[in-house]
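Okay, so here's the structure we're looking at.
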Amino acid sequence: MSAQLSTAVHYRPMMAADLPVVSALEGSVYAFPWSIGNFRDCLEAGYDCWVAAERGVLIGYAVLMVAVDEAHLLNIAVASPLQRQGIGKAFLQYMIGVARHRGAQMVYLEVRPSNVAARELYREAGFQQIAIRPGYYPAHGGREDALFLGITL
Ligand SMILES: CC(C)(COP(=O)(O)OP(=O)(O)OC[C@H]1O[C@@H](n2cnc3c(N)ncnc32)[C@H](O)[C@@H]1OP(=O)(O)O)[C@@H](O)C(=O)NCCC(=O)NCCS
């Protein structure tokens, strides 16, 4: 069970000024992080880039791409020391709400089979496996498949 989620967590659109902090967080939670340029490209492309903040401190971020009636969750992360407190679960629900608000009827995402935390998060939220994308991710000593998941809104 998650601990009680602090009501102090709020969400706001990511800004260019957030990029150094987002990029530092990204480097701390992923073995193969996005570059700061990847995030900048998402902002400039008009993707839904959001941050979660607690008392003004950025503690998570998510990137959602919406195309007509489909949304693709490209990234979601919570700062390591604050993980397993319900923040990711609430943030995922918030991003699903953003997708719905934009008119999406499906949300898709990819996840590594080895990413037990994220897989459980998505399973609990109701995502279902649609396909496997072979060799999708870089990995130490080779490539790792992606599980392609989706949820109907
Ligand atoms: C995936 C991630 C966003 C989850 O955020 P979080 O704030 O830790 O998640 P929550 O505390 O809300 O947990 C929600 C559910 O996810 C699952 N979960 C989270 N961490 C888990 C872990 N370490 N092991 C197993 N299940 C886990 C549980 O089902 C949990 O529900 P429960 O606590 O009621 O059992 C976070 O682990 C993270 O940032 N990881 C690095 C980035 C990443 O891998 N992003 C996803 C890319 S596809």
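In the structure tokens, chains take the letters A, B, ... in the order shown, each chain's residues start at 1, and ligands count up from 1 in the order shown.
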Per residue of chain A within 6 Å of ligand 1, record the nearest atom pair and its distance in Å to one decimal, counting only C-alpha atoms and all ligand atoms, with rows in chain order and ascending residue number, as a tab-separated table.
residue	atom	partner	partner_atom_place_in_ligand_line	distance
A:Met1	CA	ligand 1	34 (O)	3.7
A:Ser2	CA	ligand 1	33 (O)	3.7
A:Val29	CA	ligand 1	41 (C)	4.9
A:Asn75	CA	ligand 1	47 (C)	5.8
A:Ile76	CA	ligand 1	45 (N)	5.0
A:Ala77	CA	ligand 1	39 (O)	3.3
A:Val78	CA	ligand 1	39 (O)	3.8
A:Gln83	CA	ligand 1	8 (O)	3.4
A:Arg84	CA	ligand 1	11 (O)	3.0
A:Gln85	CA	ligand 1	11 (O)	4.0
A:Gly86	CA	ligand 1	12 (O)	3.1
A:Ile87	CA	ligand 1	7 (O)	4.0
A:Gly88	CA	ligand 1	7 (O)	3.3
A:Lys89	CA	ligand 1	12 (O)	3.5
A:Glu110	CA	ligand 1	48 (S)	5.9
A:Val111	CA	ligand 1	48 (S)	4.1
A:Val116	CA	ligand 1	25 (C)	5.5
A:Ala117	CA	ligand 1	21 (C)	3.6
A:Ala118	CA	ligand 1	1 (C)	3.8
A:Glu120	CA	ligand 1	17 (C)	4.4
A:Leu121	CA	ligand 1	16 (O)	3.4
| task | Can you list, as a PyMOL selection string, all residues belonging to chain A that DSSP tags as strand (DSSP E or B)? | result | chain A and resi 9-13+48-54+57-67+70-78+106-111+128-139+142-152
One residue among A:Ala17, A:Ala131, A:Ala67, A:Ile59 is nearest to Tyr47 of chain A when using only C-alpha atoms, and that residue is A:Ala67
- Counting only C-alpha atoms, figure out which residue out of A:Glu70, A:Asp48, A:Glu124, A:Glu144 gets nearest to Leu109 of chain A.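 Looking only at the distances to Leu109 of chain A, the closest residue turns out to be A:Glu70.
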Just asking: which residues within chain A are alpha helix (DSSP H) according to DSSP, as a PyMOL selection string? chain A and resi 19-29+36-44+87-101+116-125
Calculated over only C-alpha atoms, which of the candidates A:Cys49, A:Val22, A:Ala90, A:Ile132 has the smallest distance to Pro113 of chain A?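 Among the listed residues, the smallest separation from Pro113 of chain A belongs to A:Ile132.
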Among listed residues A:Val63, A:Ala52, A:Ala31, A:Ala104, nearest Leu82 of chain A (using only C-alpha atoms) |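 Closest to Leu82 of chain A of all the choices is A:Ala52.
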Pairwise distance for atom CA of Ala24 of chain A and atom CA of Pro138 of chain A, rounded to one decimal in Å |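 Result for atom CA of Ala24 of chain A versus atom CA of Pro138 of chain A: 19.7 Å, one decimal.
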field: Nearest to Gly60 of chain A, chosen from A:Thr152, A:Ser80, A:Gln93, A:Asn115, with only C-alpha atoms counted in the distances
entry: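 Answer, going by the shortest atom-to-atom distance: A:Ser80.
Distances from A:His10, A:Arg40, A:His72, A:Arg102 to Arg55 of chain A were compared using only C-alpha atoms, and the smallest one belongs to A:His10.
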Atomic separation - atom CA of Leu58 of chain A relative to atom CA of Gly97 of chain A, Å |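 Spanning atom CA of Gly97 of chain A to atom CA of Leu58 of chain A is a straight-line distance of 20.3 Å.
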- Task: Work out how far apart atom CA of Leu149 of chain A and atom CA of Glu44 of chain A are and give it in Å to one decimal.
- Result: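 Computing the Euclidean distance for atom CA of Leu149 of chain A and atom CA of Glu44 of chain A yields 26.1 Å.
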